[in-house]
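Shown next: my_file-v9.cif, containing mmCIF, C-alpha atoms.
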```
data_start
loop_
_atom_site.label_atom_id
_atom_site.label_comp_id
_atom_site.auth_asym_id
_atom_site.auth_seq_id
_atom_site.Cartn_x
_atom_site.Cartn_y
_atom_site.Cartn_z
CA MET A 24 9.55 -1.91 3.44
CA PRO A 25 11.97 1.00 3.02
CA ASN A 26 11.63 4.06 5.22
CA PRO A 27 12.19 7.76 4.42
CA VAL A 28 14.96 8.13 7.02
CA ASP A 29 17.22 5.43 5.56
CA ASN A 30 16.08 5.75 1.92
CA PRO A 31 14.84 9.32 1.29
CA GLU A 32 15.69 9.08 -2.41
CA LEU A 33 13.00 6.40 -2.91
CA TYR A 34 10.31 8.76 -1.64
CA ASP A 35 11.39 11.69 -3.85
CA VAL A 36 10.65 10.00 -7.18
CA LEU A 37 7.92 8.07 -8.93
CA VAL A 38 9.25 5.28 -11.14
CA LEU A 39 6.94 4.97 -14.13
CA GLY A 40 7.67 2.33 -16.75
CA GLY A 41 11.17 1.97 -15.29
CA VAL A 42 11.92 5.72 -15.64
CA ARG A 43 12.51 7.92 -12.59
CA SER A 44 10.48 11.12 -12.46
CA PRO A 45 12.28 14.46 -12.63
CA GLY A 46 12.22 16.82 -9.65
CA VAL A 47 10.69 15.82 -6.33
CA VAL A 48 7.33 14.04 -6.19
CA LYS A 49 4.68 14.17 -3.48
CA ILE A 50 2.00 11.44 -3.50
CA SER A 51 -1.43 12.00 -1.96
CA GLY A 52 -4.79 10.26 -1.84
CA ALA A 53 -3.58 6.70 -2.40
CA GLN A 54 -6.02 4.76 -0.30
CA ARG A 55 -7.20 1.19 -0.56
CA LYS A 56 -10.98 1.07 -0.11
CA ILE A 57 -12.80 -2.19 0.52
CA ASP A 58 -16.54 -2.39 -0.18
CA TRP A 59 -18.58 -4.65 2.11
CA ASP A 60 -22.23 -5.63 1.82
CA ASN A 61 -23.44 -5.72 5.43
CA LYS A 62 -26.73 -7.46 6.22
CA ILE A 63 -28.11 -6.70 9.67
CA ALA A 64 -29.98 -9.58 11.30
CA LYS A 65 -33.53 -8.57 12.23
CA GLY A 66 -34.22 -8.76 15.93
CA GLN A 67 -30.68 -9.92 16.67
CA LYS A 68 -27.34 -8.42 17.50
CA GLY A 69 -24.73 -8.49 14.75
CA ALA A 70 -24.66 -8.73 10.99
CA THR A 71 -23.10 -10.68 8.17
CA SER A 72 -20.56 -9.09 5.88
CA THR A 73 -19.80 -10.08 2.33
CA LEU A 74 -16.96 -8.63 0.30
CA SER A 75 -18.68 -6.84 -2.55
CA GLY A 76 -15.64 -5.41 -4.27
CA ILE A 77 -12.32 -3.62 -4.16
CA PRO A 78 -12.54 -0.44 -6.23
CA LEU A 79 -9.56 0.84 -8.17
CA ALA A 80 -7.43 3.26 -6.19
CA GLU A 81 -6.69 6.78 -7.38
CA PHE A 82 -3.90 9.08 -6.29
CA THR A 83 -2.39 12.43 -7.17
CA ALA A 84 1.29 12.96 -7.91
CA GLU A 85 2.71 16.47 -7.63
CA PHE A 86 6.06 16.84 -9.37
CA PHE A 87 8.06 19.87 -8.21
CA LEU A 88 10.57 20.95 -10.86
CA ALA A 89 13.24 23.41 -9.73
CA ASP A 90 16.17 23.42 -12.15
CA THR A 91 17.07 23.15 -15.83
CA GLU A 92 17.72 19.42 -15.57
CA ASP A 93 14.18 18.87 -14.19
CA PHE A 94 12.59 21.08 -16.88
CA ASP A 95 14.52 19.33 -19.66
CA ALA A 96 13.50 15.86 -18.42
CA TRP A 97 9.80 16.67 -17.97
CA PRO A 98 8.63 16.42 -21.63
CA ALA A 99 9.99 12.87 -21.98
CA PHE A 100 8.44 11.86 -18.64
CA LEU A 101 5.10 13.43 -19.63
CA GLN A 102 5.24 11.37 -22.83
CA ILE A 103 5.49 8.22 -20.69
CA ILE A 104 2.46 9.37 -18.66
CA ASN A 105 0.49 10.11 -21.82
CA SER A 106 1.42 6.75 -23.35
CA THR A 107 -1.19 5.17 -21.07
CA ILE A 108 -3.97 6.86 -23.06
CA SER A 109 -2.44 7.17 -26.53
CA GLY A 110 -3.55 4.94 -29.37
CA THR A 111 -6.83 3.12 -29.71
CA THR A 112 -6.39 0.99 -26.60
CA PRO A 113 -5.24 2.48 -23.28
CA LYS A 114 -2.21 0.71 -21.82
CA ALA A 115 -1.39 0.55 -18.15
CA ILE A 116 2.19 1.15 -17.10
CA ASP A 117 4.17 -0.20 -14.14
CA VAL A 118 4.65 2.20 -11.25
CA TYR A 119 6.77 2.21 -8.09
CA HIS A 120 6.81 4.45 -5.04
CA PRO A 121 7.05 3.03 -1.51
CA ASP A 122 3.70 4.55 -0.50
CA LEU A 123 1.98 3.02 -3.53
CA ALA A 124 3.66 -0.35 -3.02
CA GLU A 125 2.30 -0.38 0.53
CA GLN A 126 -1.21 -0.08 -0.92
CA GLY A 127 -0.57 -2.76 -3.55
CA ILE A 128 -0.66 -0.29 -6.46
CA VAL A 129 1.70 -1.57 -9.16
CA SER A 130 0.15 -0.48 -12.45
CA VAL A 131 -1.57 2.79 -13.44
CA VAL A 132 -3.18 4.89 -16.16
CA LYS A 133 -3.49 8.66 -16.41
CA VAL A 134 -6.78 10.23 -15.30
CA THR A 135 -6.14 13.99 -15.39
CA THR A 136 -3.41 16.59 -15.62
CA GLU A 137 -3.73 20.08 -14.17
CA ALA A 138 -2.31 23.35 -15.42
CA THR A 139 1.23 24.04 -14.23
CA LYS A 140 1.52 25.90 -10.94
CA HIS A 141 4.36 28.42 -10.75
CA ASP A 142 5.87 29.24 -7.37
CA GLY A 143 7.07 32.73 -8.40
CA LYS A 144 10.69 31.76 -7.76
CA GLY A 145 11.36 29.82 -10.97
CA GLY A 146 9.97 26.48 -9.78
CA GLN A 147 6.96 24.67 -11.20
CA THR A 148 4.60 22.01 -9.93
CA LYS A 149 3.07 19.56 -12.41
CA ILE A 150 0.02 17.71 -11.06
CA VAL A 151 -1.14 14.38 -12.48
CA LYS A 152 -3.94 12.17 -11.19
CA PHE A 153 -3.52 8.44 -11.77
CA GLN A 154 -5.86 5.49 -11.45
CA GLU A 155 -4.76 1.99 -10.58
CA TYR A 156 -5.06 -0.65 -13.27
CA SER A 157 -6.07 -4.06 -12.00
CA PRO A 158 -7.85 -6.67 -14.11
CA PRO A 159 -10.91 -8.26 -12.50
CA LYS A 160 -10.42 -11.17 -10.11
CA PRO A 161 -13.03 -13.34 -8.39
CA LYS A 162 -14.42 -11.86 -5.19
CA GLY A 163 -13.39 -13.32 -1.85
CA GLY A 164 -16.84 -13.86 -0.34
CA SER A 165 -17.65 -13.69 3.36
CA PRO A 166 -14.95 -13.69 6.02
CA SER A 167 -14.92 -16.69 8.29
CA GLY A 168 -15.55 -15.88 11.92
CA SER A 169 -13.25 -16.69 14.78
CA SER A 170 -14.04 -19.66 16.94
CA SER A 171 -13.85 -19.76 20.71
CA SER A 172 -14.22 -23.53 21.01
CA SER A 173 -11.62 -25.47 22.95
CA SER A 174 -10.60 -27.43 19.84
CA ALA A 175 -9.96 -24.15 17.99
CA LYS A 176 -7.91 -22.92 20.97
CA ARG A 177 -5.83 -26.12 20.95
CA GLU A 178 -5.30 -25.71 17.19
CA ARG A 179 -4.06 -22.13 17.67
CA GLU A 180 -1.74 -23.21 20.47
CA LYS A 181 -0.44 -26.10 18.35
CA ASN A 182 0.43 -23.67 15.55
CA ASP A 183 1.88 -21.00 17.87
CA PRO A 184 5.04 -19.64 16.17
CA ASN A 185 6.41 -18.74 19.62
CA GLU A 186 5.99 -22.24 21.06
CA LYS A 187 9.74 -23.03 21.13
CA ALA A 188 10.61 -19.66 22.68
CA LYS A 189 7.94 -20.09 25.37
CA ALA A 190 9.21 -23.58 26.20
CA GLU A 191 12.82 -22.34 26.41
CA LEU A 192 11.76 -19.44 28.65
CA ALA A 193 9.82 -21.79 30.95
CA GLY A 194 12.92 -24.02 31.25
CA LEU A 195 15.17 -21.06 32.08
CA VAL A 196 12.70 -19.75 34.69
CA ALA A 197 12.56 -23.22 36.30
CA GLN A 198 16.39 -23.39 36.30
CA TYR A 199 16.66 -19.94 37.92
CA GLU A 200 14.01 -20.75 40.55
CA SER A 201 15.90 -23.89 41.52
CA THR A 202 18.97 -21.79 42.43
CA LEU A 203 17.14 -19.41 44.77
CA PRO A 204 18.33 -19.84 48.41
CA TRP A 205 14.84 -19.45 49.92
CA LYS A 206 13.34 -22.08 47.62
CA LEU A 207 12.64 -25.36 49.46
#
```

Can you turn what I pasted into structure tokens?
Amino acid sequence: MPNPVDNPELYDVLVLGGVRSPGVVKISGAQRKIDWDNKIAKGQKGATSTLSGIPLAEFTAEFFLADTEDFDAWPAFLQIINSTISGTTPKAIDVYHPDLAEQGIVSVVKVTTEATKHDGKGGQTKIVKFQEYSPPKPKGGSPSGSSSSSSAKREREKNDPNEKAKAELAGLVAQYESTLPWKL
């Protein structure tokens, strides 16, 4: 995953339908909510949880435009945004921003646009709210619980990705201990 220190240019733009947004973008509100149906056991401690759904995410993109190049590019970019709701059938469009990718948001449609905000210094902020597009998929059901049985423990140890490193470390420790002068 890129980071804003090494790749600040990735965080300054929203790529929509393969086109980079003009100005500098700020993304907010992109959260991945998971809905669970929790059933509390009567007279007992604990509950069962069943995945009941994963709602579509929404987020707001604020595009700050500060120069002639940004202002000139905005109408074409707005046309791309509006293409998601033009025609008789809405069409989702591919989107990329590192913060959205982290939440698994890859396709969006327009929800709202706000009136332009002027900063009094010649700059403008265009605000657009997007909603994720994701066709329905079968639900996942109930999570399986962890097991504390000895066979489960052996299975975890057998599949330990650090098994080789632990064995090598144990061998090196044994080799070092054999060289100690006070060791009998």

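For the atom pair formed by atom CA of A:Ile104 and atom CA of A:Asn30, the distance is 24.9 Å, given to one decimal.
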
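A straight line drawn from atom CA of A:Phe82 to atom CA of A:Ile128 is 9.9 Å long.
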
Quiz prompt | Test item: residues at most 12 Å from A:Glu32, only C-alpha atoms, excluding those fewer than 2 positions along its chain, as a ChimeraX atom specification | solution = /A:25-30,34-38,43-44,46-48,120-121

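In this comparison, which uses only C-alpha atoms, the residue of A:Ala115, A:Ser109, A:Ala89, A:Phe153 approaching A:His141 most closely is A:Ala89.
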
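Atom pair atom CA of A:Ile57 / atom CA of A:Gly76 has a distance of 6.4 Å (rounded to one decimal).
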
Practice problem: Check the smallest atom-to-atom distance from each of A:Lys65, A:Lys140, A:Lys49, A:Lys133 to A:Tyr156 using all atoms listed in the file, then report the winner. | Solution: A:Lys133

Provide an axis-aligned box for all listed atoms of stretch 95-104 of chain A, padding each side by 5 Å; report its centre and its edge lengths in Å to one decimal, as JSON.
```
{"center_x": 8.5, "center_y": 13.8, "center_z": -20.4, "size_x": 22.1, "size_y": 21.1, "size_z": 14.9}
```

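The closest residue to A:Ala84, picked from A:Ser51, A:Ser157, A:Ser201, A:Gln147 and counting all atoms listed in the file, is A:Ser51.
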
Self-check item: Given the PyMOL selection byres ((chain A and resi 60) around 8), the residues it picks as a PyMOL selection string
Solution: chain A and resi 58-59+61-62+72-75

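Put simply, the PyMOL selection byres ((chain A and resi 54) around 9) on this file hits Ser51, Gly52, Ala53, Arg55, Lys56, Ala80, Glu81, Phe82, Leu123 and Gln126 of chain A.
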
C-alpha atoms of the current selection, written as a short mmCIF file (atom, residue, chain, number, x, y, z; two decimals), in the frame of the given file:
```
data_model
loop_
_atom_site.label_atom_id
_atom_site.label_comp_id
_atom_site.auth_asym_id
_atom_site.auth_seq_id
_atom_site.Cartn_x
_atom_site.Cartn_y
_atom_site.Cartn_z
CA SER A 51 -1.43 12.00 -1.96
CA GLY A 52 -4.79 10.26 -1.84
CA ALA A 53 -3.58 6.70 -2.40
CA ARG A 55 -7.20 1.19 -0.56
CA LYS A 56 -10.98 1.07 -0.11
CA ALA A 80 -7.43 3.26 -6.19
CA GLU A 81 -6.69 6.78 -7.38
CA PHE A 82 -3.90 9.08 -6.29
CA LEU A 123 1.98 3.02 -3.53
CA GLN A 126 -1.21 -0.08 -0.92
#
```

Point (-10.0, 10.5, -18.9) neighbourhood (10 Å, only C-alpha atoms) written as a PDB file with C-alpha atoms, in the coordinates of the input:
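And here's part39.pdb as it stands now:
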```
ATOM      1  CA  ILE A 108      -3.970   6.860 -23.060  1.00  0.00           C
ATOM      2  CA  VAL A 132      -3.180   4.890 -16.160  1.00  0.00           C
ATOM      3  CA  LYS A 133      -3.490   8.660 -16.410  1.00  0.00           C
ATOM      4  CA  VAL A 134      -6.780  10.230 -15.300  1.00  0.00           C
ATOM      5  CA  THR A 135      -6.140  13.990 -15.390  1.00  0.00           C
ATOM      6  CA  THR A 136      -3.410  16.590 -15.620  1.00  0.00           C
ATOM      7  CA  LYS A 152      -3.940  12.170 -11.190  1.00  0.00           C
ATOM      8  CA  PHE A 153      -3.520   8.440 -11.770  1.00  0.00           C
ATOM      9  CA  GLN A 154      -5.860   5.490 -11.450  1.00  0.00           C
TER      10      GLN A 154
END
```

Exercise. Run the PyMOL selection byres ((chain A and resi 159) around 12) mentally over the shown coordinates, then write out the matched residues as number ranges by chain, using the chain letters and numbers from the document.
Key: A: 76-79, 156-158, 160-162

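In this comparison, which uses all atoms listed in the file, the residue of A:Asp90, A:Val131, A:Leu192, A:Ile150 approaching A:Tyr119 most closely is A:Val131.
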
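The smallest atom-to-atom distance between A:Lys144 and any of A:Ile63, A:Ile50, A:Leu88, A:Ala193, using all atoms listed in the file, is found for A:Leu88.
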